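Shown below: protein.txt, with compact mmCIF, C-alpha atoms and all ligand atoms.
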# COMPACT_ATOMS: atom_id res chain seq x y z
CA VAL A 1 -7.18 -19.80 9.03
CA ALA A 2 -6.83 -22.37 6.26
CA PRO A 3 -9.54 -24.99 5.79
CA PHE A 4 -9.35 -28.57 7.11
CA PRO A 5 -7.02 -30.50 7.25
CA VAL A 6 -4.56 -27.65 7.87
CA PRO A 7 -4.00 -27.46 11.67
CA PHE A 8 -5.57 -24.46 13.36
CA GLY A 9 -4.76 -25.13 17.03
CA ARG A 10 -2.32 -22.25 17.25
CA HIS A 11 -5.02 -19.81 16.15
CA LEU A 12 -7.21 -21.02 19.03
CA ARG A 13 -4.29 -20.69 21.44
CA THR A 14 -3.54 -17.11 20.40
CA GLY A 15 -7.22 -16.19 20.70
CA TYR A 16 -7.46 -15.18 17.04
CA LEU A 17 -9.95 -17.99 16.41
CA LYS A 18 -12.88 -18.47 18.81
CA ARG A 19 -14.76 -21.76 19.24
CA GLY A 20 -18.02 -22.81 20.82
CA ALA A 21 -19.74 -26.21 20.97
CA THR A 22 -23.04 -24.37 20.49
CA LEU A 23 -23.94 -20.93 19.19
CA ALA A 24 -24.56 -19.82 22.77
CA ASP A 25 -21.04 -20.98 23.72
CA LEU A 26 -19.61 -19.10 20.75
CA ALA A 27 -21.50 -15.97 21.75
CA ARG A 28 -19.93 -16.22 25.21
CA ALA A 29 -16.46 -16.76 23.73
CA THR A 30 -16.78 -13.74 21.47
CA GLY A 31 -18.64 -11.47 23.85
CA VAL A 32 -21.74 -10.99 21.68
CA ASP A 33 -25.40 -11.36 22.58
CA ALA A 34 -26.40 -15.06 22.37
CA ALA A 35 -29.99 -14.48 21.29
CA ALA A 36 -28.94 -12.04 18.57
CA LEU A 37 -26.31 -14.47 17.26
CA GLN A 38 -28.80 -17.34 17.17
CA ALA A 39 -31.33 -15.17 15.33
CA SER A 40 -28.70 -14.03 12.81
CA VAL A 41 -27.60 -17.59 12.13
CA ALA A 42 -31.19 -18.80 11.78
CA ARG A 43 -31.88 -16.09 9.22
CA PHE A 44 -28.60 -16.81 7.40
CA ASN A 45 -29.38 -20.55 7.32
CA GLU A 46 -32.82 -20.03 5.86
CA HIS A 47 -31.34 -18.22 2.83
CA ALA A 48 -28.19 -20.35 2.64
CA ALA A 49 -30.26 -23.51 2.17
CA ARG A 50 -31.42 -21.94 -1.11
CA GLY A 51 -27.89 -20.79 -2.00
CA GLU A 52 -28.71 -17.14 -1.31
CA ASP A 53 -27.03 -14.44 0.76
CA PRO A 54 -29.19 -11.31 0.58
CA ASP A 55 -27.06 -9.43 3.15
CA PHE A 56 -23.66 -9.70 1.52
CA GLY A 57 -24.23 -11.32 -1.87
CA LYS A 58 -21.66 -14.06 -1.33
CA GLY A 59 -21.44 -16.21 -4.43
CA SER A 60 -23.28 -13.67 -6.57
CA LYS A 61 -20.25 -13.10 -8.80
CA ALA A 62 -18.06 -15.48 -10.79
CA TYR A 63 -14.94 -14.33 -8.90
CA ASN A 64 -16.54 -15.25 -5.53
CA ARG A 65 -17.71 -18.60 -6.81
CA TYR A 66 -14.27 -19.37 -8.20
CA GLN A 67 -12.87 -18.92 -4.67
CA GLY A 68 -15.60 -21.06 -3.06
CA ASP A 69 -16.09 -24.77 -2.46
CA ALA A 70 -17.08 -26.22 -5.85
CA LEU A 71 -18.56 -29.32 -4.20
CA ASN A 72 -21.11 -27.24 -2.28
CA THR A 73 -24.32 -26.66 -4.21
CA PRO A 74 -26.23 -24.64 -5.22
CA ASN A 75 -23.85 -21.86 -4.11
CA PRO A 76 -20.15 -22.68 -3.48
CA CYS A 77 -19.88 -19.72 -1.06
CA VAL A 78 -22.72 -20.32 1.42
CA ALA A 79 -24.07 -23.30 3.36
CA PRO A 80 -26.25 -23.49 6.48
CA LEU A 81 -24.33 -23.37 9.78
CA ALA A 82 -26.02 -26.37 11.32
CA THR A 83 -23.54 -28.52 13.23
CA GLY A 84 -21.11 -27.47 15.96
CA PRO A 85 -18.50 -26.75 16.93
CA PHE A 86 -18.88 -23.23 15.61
CA TYR A 87 -15.98 -20.87 14.96
CA ALA A 88 -15.59 -17.11 14.71
CA ILE A 89 -12.87 -14.56 14.03
CA LYS A 90 -13.01 -10.83 14.54
CA LEU A 91 -13.21 -9.01 11.22
CA VAL A 92 -11.58 -5.59 11.01
CA VAL A 93 -12.51 -3.61 7.94
CA GLY A 94 -9.63 -2.02 6.04
CA ASP A 95 -8.51 -1.08 2.56
CA ILE A 96 -6.09 -3.02 0.45
CA GLY A 97 -5.73 -0.26 -2.11
CA THR A 98 -7.48 2.38 -4.12
CA PHE A 99 -8.59 2.61 -7.72
CA ALA A 100 -9.12 6.37 -7.84
CA GLY A 101 -6.12 8.66 -7.92
CA LEU A 102 -3.95 10.88 -10.07
CA VAL A 103 -4.26 10.12 -13.79
CA THR A 104 -0.94 9.13 -15.29
CA ASP A 105 0.41 8.07 -18.65
CA GLU A 106 2.41 4.95 -19.49
CA ARG A 107 5.58 6.72 -18.27
CA THR A 108 3.97 7.44 -14.87
CA ARG A 109 3.79 11.19 -15.59
CA VAL A 110 0.78 12.83 -13.94
CA LEU A 111 -1.60 14.33 -16.51
CA ASP A 112 -3.46 17.62 -16.12
CA ALA A 113 -7.12 18.29 -17.02
CA GLN A 114 -6.10 18.52 -20.69
CA ARG A 115 -4.34 15.16 -20.31
CA GLN A 116 -0.95 16.81 -20.76
CA PRO A 117 1.97 15.68 -18.54
CA ILE A 118 2.69 17.96 -15.59
CA ARG A 119 6.41 18.61 -15.67
CA GLY A 120 8.34 16.83 -12.96
CA LEU A 121 5.33 15.13 -11.34
CA TYR A 122 5.04 11.35 -11.28
CA ALA A 123 2.65 9.03 -9.47
CA VAL A 124 2.48 5.27 -8.91
CA GLY A 125 0.90 2.84 -6.46
CA ASN A 126 -2.10 3.97 -4.49
CA ASP A 127 -1.48 7.60 -5.43
CA ALA A 128 -2.13 6.85 -9.10
CA ALA A 129 -5.46 5.95 -10.69
CA SER A 130 -5.48 2.19 -11.16
CA ILE A 131 -4.99 0.85 -14.65
CA MET A 132 -7.65 -1.72 -13.73
CA GLY A 133 -10.31 1.01 -13.86
CA GLY A 134 -11.99 -0.07 -10.62
CA ASN A 135 -12.20 -3.77 -11.46
CA TYR A 136 -10.65 -6.56 -9.42
CA PRO A 137 -9.67 -9.29 -11.87
CA GLY A 138 -7.49 -11.10 -9.32
CA ALA A 139 -4.83 -10.98 -6.64
CA GLY A 140 -1.81 -8.85 -7.39
CA ILE A 141 -3.59 -6.10 -9.29
CA THR A 142 -2.23 -3.43 -6.96
CA LEU A 143 1.27 -4.67 -6.19
CA GLY A 144 1.94 -5.84 -9.75
CA PRO A 145 1.29 -2.47 -11.41
CA ALA A 146 2.81 -0.65 -8.39
CA LEU A 147 6.10 -2.48 -8.79
CA THR A 148 6.06 -2.21 -12.57
CA PHE A 149 5.27 1.49 -12.68
CA GLY A 150 7.52 2.20 -9.71
CA TYR A 151 10.34 0.70 -11.74
CA ILE A 152 9.37 2.82 -14.76
CA ALA A 153 9.15 5.95 -12.59
CA GLY A 154 12.64 5.29 -11.26
CA HIS A 155 13.96 5.07 -14.79
CA GLN A 156 12.09 8.20 -15.81
CA LEU A 157 13.58 10.13 -12.90
CA ALA A 158 17.02 8.80 -13.63
CA GLN A 159 16.77 9.95 -17.24
CA ARG A 160 15.39 13.41 -16.47
CA GLN A 161 18.41 15.59 -15.90
CA GLU A 162 16.17 18.61 -15.35
CA THR A 163 14.60 17.05 -12.25
CA VAL A 164 17.89 16.72 -10.43
CA CYS A 165 20.29 19.27 -8.90
CA THR A 166 21.32 22.16 -11.08
CA GLY A 167 24.46 24.09 -10.25
CA THR A 168 26.95 23.06 -7.62
CA SER A 169 25.55 21.48 -4.52
CA PRO A 170 27.43 20.41 -1.42
CA CYS A 171 26.88 16.81 -2.42
CA ASP A 172 28.82 17.42 -5.65
CA ALA A 173 31.90 17.95 -3.56
CA ARG A 174 31.74 14.50 -1.98
CA GLY A 175 33.86 12.84 -4.58
CA GLY A 176 34.69 9.87 -2.43
CA LEU A 177 31.15 8.71 -1.79
CA MET A 178 30.88 6.07 -4.45
CA GLY A 179 31.92 3.21 -2.18
CA SER A 180 31.38 -0.29 -3.48
CA GLU A 181 29.94 -0.09 -6.98
CA THR A 182 29.15 -3.77 -7.38
CA ALA A 183 25.38 -3.31 -7.43
CA MET A 184 25.56 -0.20 -9.59
CA GLN A 185 27.53 -1.76 -12.38
CA ALA A 186 24.60 -3.98 -13.30
CA HIS A 187 22.11 -1.10 -13.33
CA PRO A 188 21.25 0.36 -16.76
CA HIS A 189 21.43 3.91 -15.39
CA ALA A 190 24.36 3.41 -13.06
CA GLY A 191 26.10 6.72 -12.41
CA LEU A 192 23.41 8.90 -14.01
CA LEU A 193 22.56 10.50 -10.68
CA GLN A 194 26.05 10.44 -9.27
CA GLY A 195 26.57 13.29 -6.84
CA ARG A 196 22.85 14.00 -6.58
CA LEU A 197 20.84 13.91 -3.40
CA ALA A 198 17.32 12.44 -3.35
CA LEU A 199 14.66 12.67 -0.64
CA ILE A 200 11.78 10.23 -0.53
CA THR A 201 8.80 10.29 1.81
CA GLY A 202 6.86 7.12 2.59
CA ALA A 203 10.02 5.13 1.90
CA GLY A 204 9.38 2.48 4.53
CA GLN A 205 7.94 -0.03 2.08
CA GLY A 206 6.47 -0.61 -1.36
CA ASN A 207 7.13 1.90 -4.08
CA GLY A 208 8.92 4.31 -1.77
CA ARG A 209 11.47 1.65 -0.88
CA ALA A 210 11.80 0.49 -4.50
CA LEU A 211 12.38 4.07 -5.65
CA ALA A 212 14.98 4.67 -2.95
CA ILE A 213 16.96 1.64 -4.05
CA GLY A 214 16.48 2.48 -7.75
CA LEU A 215 17.72 6.04 -7.30
CA ALA A 216 20.69 4.78 -5.29
CA GLN A 217 21.52 2.28 -7.99
CA ALA A 218 21.47 5.18 -10.45
CA GLY A 219 24.06 6.89 -8.27
CA ALA A 220 22.12 9.18 -5.92
CA ASP A 221 22.65 9.49 -2.19
CA VAL A 222 19.26 9.12 -0.58
CA ILE A 223 17.41 10.55 2.41
CA VAL A 224 14.60 8.16 3.24
CA THR A 225 11.70 9.23 5.47
CA ASP A 226 8.63 7.46 6.74
CA ILE A 227 6.20 7.52 9.62
CA ASN A 228 7.41 4.00 10.52
CA ALA A 229 10.81 4.15 12.26
CA VAL A 230 11.62 0.47 11.84
CA THR A 231 10.89 0.06 8.15
CA VAL A 232 12.55 3.33 7.15
CA ALA A 233 15.76 2.19 8.88
CA GLU A 234 15.56 -1.04 6.89
CA THR A 235 15.23 0.93 3.66
CA ALA A 236 18.28 3.00 4.58
CA ALA A 237 20.28 -0.19 5.11
CA LEU A 238 19.18 -1.46 1.68
CA VAL A 239 20.28 1.82 0.09
CA GLN A 240 23.65 1.58 1.82
CA ALA A 241 24.01 -1.95 0.48
CA THR A 242 24.12 -0.45 -3.04
CA GLY A 243 27.18 1.55 -2.02
CA ARG A 244 25.43 4.89 -1.70
CA ARG A 245 24.98 7.03 1.39
CA ALA A 246 21.63 6.98 3.14
CA TRP A 247 20.05 9.03 5.92
CA HIS A 248 16.80 8.01 7.50
CA HIS A 249 14.32 10.17 9.36
CA VAL A 250 10.99 9.49 10.97
CA LEU A 251 8.63 11.95 9.32
CA ASP A 252 4.87 12.43 9.29
CA VAL A 253 4.32 14.45 6.13
CA THR A 254 1.11 15.92 7.50
CA ALA A 255 2.99 17.51 10.43
CA ALA A 256 4.32 20.84 9.17
CA ALA A 257 6.74 21.16 12.11
CA ASP A 258 8.28 17.74 11.31
CA CYS A 259 8.79 18.78 7.69
CA GLN A 260 10.34 22.09 8.69
CA LEU A 261 12.71 20.35 11.08
CA LEU A 262 13.74 17.89 8.42
CA ALA A 263 14.28 20.68 5.87
CA THR A 264 16.59 22.46 8.32
CA ARG A 265 18.54 19.31 9.11
CA VAL A 266 18.90 18.40 5.45
CA ALA A 267 20.20 21.87 4.62
CA GLN A 268 22.70 21.72 7.48
CA GLU A 269 23.83 18.11 7.27
CA ALA A 270 23.26 16.80 3.78
CA GLY A 271 22.96 19.49 1.15
CA ARG A 272 20.62 20.50 -1.60
CA ILE A 273 17.84 18.13 -2.66
CA GLY A 274 18.00 17.28 -6.35
CA VAL A 275 15.20 14.72 -6.53
CA LEU A 276 12.13 14.90 -4.32
CA VAL A 277 9.63 12.05 -4.32
CA ASN A 278 6.58 12.54 -2.11
CA ASN A 279 5.40 8.94 -1.90
CA ALA A 280 3.79 9.02 1.55
CA GLY A 281 0.23 7.83 1.25
CA ILE A 282 -2.71 7.94 3.57
CA ILE A 283 -5.30 5.21 3.49
CA ILE A 284 -8.78 6.67 3.70
CA ARG A 285 -11.26 4.88 5.94
CA GLU A 286 -14.78 6.20 5.79
CA GLY A 287 -17.74 4.19 6.99
CA SER A 288 -17.67 0.46 7.19
CA ARG A 289 -20.32 -1.01 4.95
CA PRO A 290 -18.95 -1.88 1.54
CA PRO A 291 -19.11 -1.37 -1.31
CA ALA A 292 -20.56 2.17 -1.49
CA ALA A 293 -18.75 3.47 1.60
CA ARG A 294 -15.38 2.52 0.14
CA ARG A 295 -15.97 4.95 -2.68
CA ARG A 296 -17.05 7.82 -0.46
CA THR A 297 -14.87 10.27 1.41
CA SER A 298 -15.05 13.87 2.48
CA SER A 299 -13.20 16.47 0.44
CA ALA A 300 -11.36 17.53 3.62
CA ARG A 301 -9.92 14.05 4.11
CA TRP A 302 -9.15 13.72 0.43
CA MET A 303 -7.26 17.01 0.42
CA SER A 304 -5.35 16.03 3.55
CA THR A 305 -3.90 13.18 1.52
CA PHE A 306 -2.29 15.64 -0.85
CA LYS A 307 -1.74 18.75 1.24
CA ALA A 308 1.65 18.11 2.77
CA VAL A 309 4.68 18.28 0.53
CA PRO A 310 7.91 18.80 2.47
CA SER A 311 9.13 22.32 1.90
CA THR A 312 12.59 21.18 0.78
C1 LIG B 1 -3.96 -6.91 4.09
C2 LIG B 1 -3.56 -6.48 2.70
C3 LIG B 1 -3.37 -7.45 1.73
C4 LIG B 1 -2.98 -7.07 0.45
N1 LIG B 1 -2.81 -8.05 -0.49
C5 LIG B 1 -2.42 -7.72 -1.72
C6 LIG B 1 -2.19 -8.73 -2.69
O1 LIG B 1 -2.33 -9.94 -2.43
N2 LIG B 1 -1.81 -8.35 -3.91
C7 LIG B 1 -1.66 -7.04 -4.25
O2 LIG B 1 -1.31 -6.75 -5.39
N3 LIG B 1 -1.86 -6.05 -3.36
C8 LIG B 1 -2.23 -6.36 -2.11
N4 LIG B 1 -2.45 -5.37 -1.19
C9 LIG B 1 -2.33 -3.97 -1.62
C10 LIG B 1 -0.88 -3.48 -1.69
O3 LIG B 1 -0.18 -3.90 -0.52
C11 LIG B 1 -0.88 -1.93 -1.77
O4 LIG B 1 -1.70 -1.54 -2.85
C12 LIG B 1 0.53 -1.38 -2.00
O5 LIG B 1 1.35 -1.69 -0.89
C13 LIG B 1 0.50 0.12 -2.21
O6 LIG B 1 1.81 0.60 -2.33
P1 LIG B 1 2.13 2.13 -2.13
O7 LIG B 1 3.62 2.26 -2.19
O8 LIG B 1 1.32 2.94 -3.08
O9 LIG B 1 1.59 2.50 -0.67
P2 LIG B 1 2.07 1.94 0.76
O10 LIG B 1 2.70 0.58 0.62
O11 LIG B 1 0.88 2.08 1.66
O12 LIG B 1 3.22 2.98 1.15
C14 LIG B 1 2.92 4.26 1.73
C15 LIG B 1 4.01 4.60 2.72
O13 LIG B 1 3.68 5.88 3.27
C16 LIG B 1 3.92 5.83 4.68
N5 LIG B 1 3.06 6.86 5.29
C17 LIG B 1 1.70 6.85 5.44
N6 LIG B 1 1.30 8.00 6.02
C18 LIG B 1 2.41 8.74 6.22
C19 LIG B 1 2.63 10.03 6.78
N7 LIG B 1 1.64 10.79 7.24
N8 LIG B 1 3.93 10.49 6.82
C20 LIG B 1 4.93 9.73 6.35
N9 LIG B 1 4.79 8.50 5.83
C21 LIG B 1 3.53 8.01 5.76
C22 LIG B 1 3.56 4.41 5.12
O14 LIG B 1 4.17 4.07 6.36
C23 LIG B 1 4.13 3.62 3.93
O15 LIG B 1 5.50 3.29 4.12
C24 LIG B 1 -2.79 -5.71 0.12
C25 LIG B 1 -2.95 -4.74 1.12
C26 LIG B 1 -3.33 -5.12 2.39
C27 LIG B 1 -3.50 -4.05 3.44
Let me see whether you can do it: turn the structure in this file into structure tokens.
Ligand SMILES: Cc1cc2nc3c(=O)[nH]c(=O)nc-3n(C[C@H](O)[C@H](O)[C@H](O)COP(=O)(O)OP(=O)(O)OC[C@H]3O[C@@H](n4cnc5c(N)ncnc54)[C@H](O)[C@@H]3O)c2cc1C
Amino acid sequence: VAPFPVPFGRHLRTGYLKRGATLADLARATGVDAAALQASVARFNEHAARGEDPDFGKGSKAYNRYQGDALNTPNPCVAPLATGPFYAIKLVVGDIGTFAGLVTDERTRVLDAQRQPIRGLYAVGNDAASIMGGNYPGAGITLGPALTFGYIAGHQLAQRQETVCTGTSPCDARGGLMGSETAMQAHPHAGLLQGRLALITGAGQGNGRALAIGLAQAGADVIVTDINAVTVAETAALVQATGRRAWHHVLDVTAAADCQLLATRVAQEAGRIGVLVNNAGIIIREGSRPPAARRRTSSARWMSTFKAVPST
């Protein structure tokens, strides 16, 4: 909901935004206890009048204050809630990204404990440790590096002949698969992966989708998989638009039976996998009170993020 004067009537109509002439009305509209809401607001107002927010620290950092209302003093992020009507929205806690992950170098190669590249293993996006080192300097710090390093990873894979099919695979025999090469001609690695078959998990969006298109532009036919049936079909269509063949499968990488089924189908219908990118990611939600809870998870949940690599 944007601030005044941007219209917000549609948010009221959909029920996303709740309104009450008084706090008691708002409590009724939102289904919370009226006395508790009034007490919370009274406590908030007492601190807000002094520009303080002991519960959540709003306005305690320069980044918060930069996003606040500069005309409101002494703290651009808090003011007493004194005059109705009052508004509320339901907040649902989620993650927008991670800063911990696999350590990589500037070529997206995953490094081992001795900081040496692990052959054939690349990581980008939420799977990779953030280059921001846990800081949040501004919007775009996850998607920007994710797109940049996804692009680099695609180039790295395209250049690494040893990561693709060796020997003769069934896909080598499909000489007539090139189709329209319009998009490929502009690509710096066009044709490098010609005749190869790539399989990407988590290809419904983000880096997975970018990699699928990049590998196709480098000449590979691509099997795209994702837990989301709609977005993975969209990715397949984008791959086909480059002139390459694409198969799409709904796959939950944590379900061993799904992976086995896919491996069987790929062997029967498509051929030998030359490039395998396990991009499927799992967002970890543990607790709800930031910031400490965001940094805490159980080792079992952490391992479940990495445990399932399709057996192809
Ligand atoms: C509300 C919101 C706002 C955001 N705003 C910004 C912003 O303004 N700027 C910014 O830079 N970043 C923003 N981000 C963060 C950014 O969107 C993510 O960091 C980025 O999308 C991560 O890309 P990824 O490819 O690593 O992972 P994802 O995009 O999460 O891709 C993972 C893929 O794996 C699939 N998958 C998950 N589990 C399974 C499974 N078990 N089996 C198979 N497939 C699976 C998913 O369906 C998905 O397609 C925002 C995120 C959210 C949620």
Hey, which residues sit close to ligand LIG 1 (chain B)? Say within 6 Å, counting all atoms listed in the file, and write them as a PyMOL selection string. chain A and resi 95-97+125-127+139-144+201-208+226-228+251-254+280-282
Write out as a count of residues only the residues lying within 12 Å of range 66-69 of chain A, counting all atoms listed in the file and excluding same-chain residues fewer than 3 positions away. 18
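Taking CA of Gly274 in chain A and CA of Ile213 in chain A as endpoints, the distance between them is 15.8 Å.
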To one decimal in Å, tell me the separation between CA of Ser40 in chain A and CA of Ala70 in chain A. 25.1 Å
Might you pull out every residue within 12 Å of Ala34 in chain A, with all atoms listed in the file counted and same-chain residues fewer than 5 positions away left off, and present them as a count of residues only? 12
Compile the contact shell of Val222 in chain A as a CSV table (one decimal) with C-alpha atoms, in the frame of the given file: residues with an atom at most 10 Å away, counting only C-alpha atoms, same-chain residues fewer than 2 positions apart removed.
chain,number,residue,atom,x,y,z
A,196,ARG,CA,22.8,14.0,-6.6
A,197,LEU,CA,20.8,13.9,-3.4
A,198,ALA,CA,17.3,12.4,-3.4
A,199,LEU,CA,14.7,12.7,-0.6
A,200,ILE,CA,11.8,10.2,-0.5
A,211,LEU,CA,12.4,4.1,-5.6
A,212,ALA,CA,15.0,4.7,-3.0
A,213,ILE,CA,17.0,1.6,-4.0
A,215,LEU,CA,17.7,6.0,-7.3
A,216,ALA,CA,20.7,4.8,-5.3
A,219,GLY,CA,24.1,6.9,-8.3
A,220,ALA,CA,22.1,9.2,-5.9
A,224,VAL,CA,14.6,8.2,3.2
A,225,THR,CA,11.7,9.2,5.5
A,236,ALA,CA,18.3,3.0,4.6
A,239,VAL,CA,20.3,1.8,0.1
A,240,GLN,CA,23.6,1.6,1.8
A,244,ARG,CA,25.4,4.9,-1.7
A,245,ARG,CA,25.0,7.0,1.4
A,246,ALA,CA,21.6,7.0,3.1
A,247,TRP,CA,20.0,9.0,5.9
A,248,HIS,CA,16.8,8.0,7.5
A,270,ALA,CA,23.3,16.8,3.8
A,273,ILE,CA,17.8,18.1,-2.7
A,275,VAL,CA,15.2,14.7,-6.5
A,276,LEU,CA,12.1,14.9,-4.3
